[in-house]
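Participant: Here it is, the structure, as structure tokens.
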Amino acid sequence: MSDLSAAHVEAFLEMMSAERGAAVNTLQSYERDLEDALSHMRTRATGLTGAATDDLRHYLAHLAAQGFKPSSQARRLSALRQFYKFLYAEGLRGDDPTGILDAPKKGRSLPKTLSVDDVSRLIGLAETEAAAPGPERLSRLRMHVLMELLYATGMRVSELVSLPASVLAQDGRFLVIRGKGNKERLVPLSQAAIRAMRAYGTALAEAFAKADTGERESPWLFPSTGKAGYLPRQVFARELKSLASRAGIRVATISPHVLRHAFASHLLANGADLRAVQELLGHSDISTTQIYTHVLEERLHDLVQNHHPLAKQAKKQD
């Protein structure tokens with residue numbers, strides 16, 4: 001009996017296009033993945049339509065041996081699941097051979113971060129440059145306050161650059177941030193961040209007064225002539241890398257998001273609660289914050305090693 005796998009793949013793709021309105025890129029991806037699986041099945045003297053669970057398990061092992069990442073393997077398995085659901089719905093198979101297959105486990109990469117010393121060098125240099133007189137002082141003051149705010153609050157770079165100018169009028173140690181989904185959260189400010197904001201606010205007001213263009217002051221804390229009206233995050237990222245270069249820190253390790261990770265990691269390393277960090281970062285789900293559990297694990301390990309009675313006893317014996 002001739003193998004009808006190729007025809008069934010074609011019928012599956014037609015269904016995805018006509019009934020589910022799948023995009024062209026999606027259809028092309030399904031086609032590539034299923035054709036690759038079909039080629040492998042033919043080496044095992046079977047077709048894709050009639051493949052058994054062991055055949056598919058062998059295919060996934062083949063992908064792993066070829067160096068495919070777990071995410072790529074999972075995508076191939078997802079395509080196969082959709083294909084066999086179609087065959088079952090059409091009465092072309094009485095079972096789903098992917099039903100008992102486990103998706104390849106994806107290793108969760110740890111976020112890049114910076115040491116406390118590196119952050120101190122960055123902020124220290126920004127502060128020193130901001131205090132120096134001369135042209136472009138407003139830009140240097142802006143860089144200093146950007147650094148202080150980012151490390152003090154851990155806010156997203158999009159939240160940082162779009163802060164309203166009204167925050168300068170706030171008298172207190174807390175800042176209201178409008179984050180994803182238009183949700184507001186309250187974050188504490190450090191004394192250093194408050195001082196940097198005041199110095200920058202004074203210089204900004206003086207710059208508007210000297211401009212004498214008749215225009216109203218910008219509604220944004222970090223105004224720009226761009227379309228959005230405030231500092232583009234790409235510009236801040238570029239200036240941050242330039243600051244890192246001057247501070248002698250490897251530029252490739254630096255981004256605004258890395259400073260957000262440093263904020264979270266350093267808090268947890270110094271005893272902060274995971275739920276509190278979740279609130280400060282604006283994560284709606286604790287699972288998102290759990291990428292930092294490696295910091296907690298290290299802290300707990302040190303805690304046991306240094307404070308557990310048996311550990312202390314062992315040290316004395318050594």
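In the structure tokens, each chain is lettered A, B, ... as it comes, each chain's residues begin at 1, and ligands are numbered from 1 in order of appearance.
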List every residue of stretch 135-221 of chain A that has an atom at most 10 Å from any atom of stretch 270-289 of chain A, giving for each one its closest atom pair and the distance in Å to one decimal, counting only C-alpha atoms, sorted by chain and then by ascending residue number, as CSV.
Facilitator:
```
residue,atom,partner,partner_atom,distance
A:Thr153,CA,A:Leu280,CA,7.1
A:Gly154,CA,A:Leu281,CA,6.1
A:Met155,CA,A:Leu281,CA,6.1
A:Arg156,CA,A:Leu281,CA,7.8
A:Ile177,CA,A:Gly282,CA,9.1
A:Arg178,CA,A:Gly282,CA,9.4
A:Gly179,CA,A:Gly282,CA,7.0
A:Lys180,CA,A:Gly282,CA,7.9
A:Gly181,CA,A:Ser284,CA,9.8
A:Lys183,CA,A:Gly282,CA,8.5
A:Glu184,CA,A:Gly282,CA,8.6
A:Arg185,CA,A:Gly282,CA,7.0
A:Leu186,CA,A:Leu280,CA,7.5
A:Val187,CA,A:Leu280,CA,6.1
A:Pro188,CA,A:Leu280,CA,8.7
```
Participant: Name the residues of stretch 102-313 of chain A that come out as strand (DSSP E) in a backbone DSSP run; write them as an MDAnalysis selection string.
Facilitator: chainID A and resid 174:178 184:188
Participant: Go through A:Leu221, A:Ala207, A:Leu259, A:Val145 and flag the residue nearest A:Leu168, using only C-alpha atoms for the distances.
Facilitator: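 Between A:Leu221, A:Ala207, A:Leu259, A:Val145, the residue approaching A:Leu168 most closely is A:Leu221.
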Participant: Quick one: distance from atom CA of A:Ile123 to atom CA of A:Ala244 in Å, one decimal?
Facilitator: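 Distance reported for this atom pair: 9.8 Å.
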Participant: Going by DSSP on the backbone, which bits of stretch 8-250 of chain A are helix (DSSP H, G or I)? Write them as number ranges by chain, please.
Facilitator: A: 8-18, 24-43, 53-65, 70-89, 116-131, 137-153, 157-161, 165-169, 180-182, 191-211, 233-246
Participant: Produce a table with one row for each residue of stretch 122-146 of chain A that has an atom at most 10 Å from any atom of stretch 201-206 of chain A, each row naming the nearest atom pair and its distance in Å at one decimal; use only C-alpha atoms; arrange rows by chain and rising residue number; format as a tab-separated table.
Facilitator:
```
residue	atom	partner	partner_atom	distance
A:Arg137	CA	A:Ala203	CA	8.5
A:Leu138	CA	A:Ala203	CA	6.3
A:Ser139	CA	A:Leu204	CA	9.7
A:Leu141	CA	A:Ala203	CA	8.1
A:Arg142	CA	A:Leu204	CA	9.0
A:Val145	CA	A:Gly201	CA	9.7
```
Participant: Write a file of the just-selected residues containing N, CA, C and O atoms, as an mmCIF file, in the first residue's frame.
Facilitator:
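Saved the output as result_6.cif:
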```cif
data_model
loop_
_atom_site.group_PDB
_atom_site.id
_atom_site.type_symbol
_atom_site.label_atom_id
_atom_site.label_comp_id
_atom_site.auth_asym_id
_atom_site.auth_seq_id
_atom_site.Cartn_x
_atom_site.Cartn_y
_atom_site.Cartn_z
ATOM 1 N N ARG A 137 25.859 69.901 30.422
ATOM 2 C CA ARG A 137 25.692 69.509 31.827
ATOM 3 C C ARG A 137 24.309 68.917 32.062
ATOM 4 O O ARG A 137 24.150 67.984 32.852
ATOM 5 N N LEU A 138 23.288 69.455 31.367
ATOM 6 C CA LEU A 138 21.940 68.927 31.540
ATOM 7 C C LEU A 138 21.869 67.457 31.140
ATOM 8 O O LEU A 138 21.226 66.642 31.809
ATOM 9 N N SER A 139 22.564 67.091 30.074
ATOM 10 C CA SER A 139 22.589 65.692 29.628
ATOM 11 C C SER A 139 23.270 64.811 30.660
ATOM 12 O O SER A 139 22.846 63.674 30.906
ATOM 13 N N LEU A 141 23.473 65.483 33.923
ATOM 14 C CA LEU A 141 22.554 65.393 35.068
ATOM 15 C C LEU A 141 21.434 64.399 34.772
ATOM 16 O O LEU A 141 21.010 63.642 35.653
ATOM 17 N N ARG A 142 20.974 64.401 33.542
ATOM 18 C CA ARG A 142 19.915 63.457 33.144
ATOM 19 C C ARG A 142 20.415 62.019 33.273
ATOM 20 O O ARG A 142 19.704 61.153 33.778
ATOM 21 N N VAL A 145 20.449 60.973 36.972
ATOM 22 C CA VAL A 145 19.144 60.683 37.566
ATOM 23 C C VAL A 145 18.541 59.417 36.960
ATOM 24 O O VAL A 145 17.873 58.642 37.650
#
```
Participant: Hey, which bits of stretch 44-118 of chain A sit within 12 Å of stretch 21-35 of chain A, and for each residue what's the closest pair of atoms and how far apart in Å (one decimal), counting only C-alpha atoms, rows by chain and increasing number, as CSV?
Facilitator:
```
residue,atom,partner,partner_atom,distance
A:Gly47,CA,A:Glu35,CA,10.8
A:Leu48,CA,A:Leu34,CA,8.3
A:Thr49,CA,A:Leu34,CA,10.7
A:Leu56,CA,A:Leu34,CA,11.6
A:Tyr59,CA,A:Leu34,CA,11.5
A:Leu60,CA,A:Asp33,CA,11.9
A:Leu63,CA,A:Asp33,CA,11.4
A:Ser72,CA,A:Asp33,CA,9.9
A:Gln73,CA,A:Asp33,CA,9.9
A:Ala74,CA,A:Asp33,CA,11.0
A:Arg75,CA,A:Asp33,CA,8.3
A:Arg76,CA,A:Asp33,CA,5.7
A:Leu77,CA,A:Asp33,CA,8.8
A:Ser78,CA,A:Tyr30,CA,9.2
A:Ala79,CA,A:Tyr30,CA,5.9
A:Leu80,CA,A:Leu34,CA,6.9
A:Arg81,CA,A:Leu34,CA,10.5
A:Gln82,CA,A:Tyr30,CA,9.3
A:Phe83,CA,A:Leu34,CA,8.3
A:Tyr84,CA,A:Leu34,CA,10.9
```
Participant: Which residue is closest to A:Arg140? Choose from A:Leu240, A:Ala51, A:Leu92, A:Leu268 and count only C-alpha atoms.
Facilitator: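 Closest to A:Arg140 of all the choices is A:Leu240.
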Participant: Of the candidates A:Gly248, A:Pro70, A:Gly94, A:Gly99, which one gets nearest to A:Thr53 if we count only C-alpha atoms?
Facilitator: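 Among A:Gly248, A:Pro70, A:Gly94, A:Gly99, it is A:Gly99 that comes nearest to A:Thr53.
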Participant: Report the distance between atom CA of A:Lys112 and atom CA of A:Leu175 in Å, rounded to one decimal place.
Facilitator: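 Straight-line distance from atom CA of A:Lys112 to atom CA of A:Leu175 works out to 26.0 Å.
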Participant: Grab the atom CA of A:Ala264 to atom CA of A:Leu160 distance for me, in Å with one decimal place.
Facilitator: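 A separation of 16.0 Å between them.
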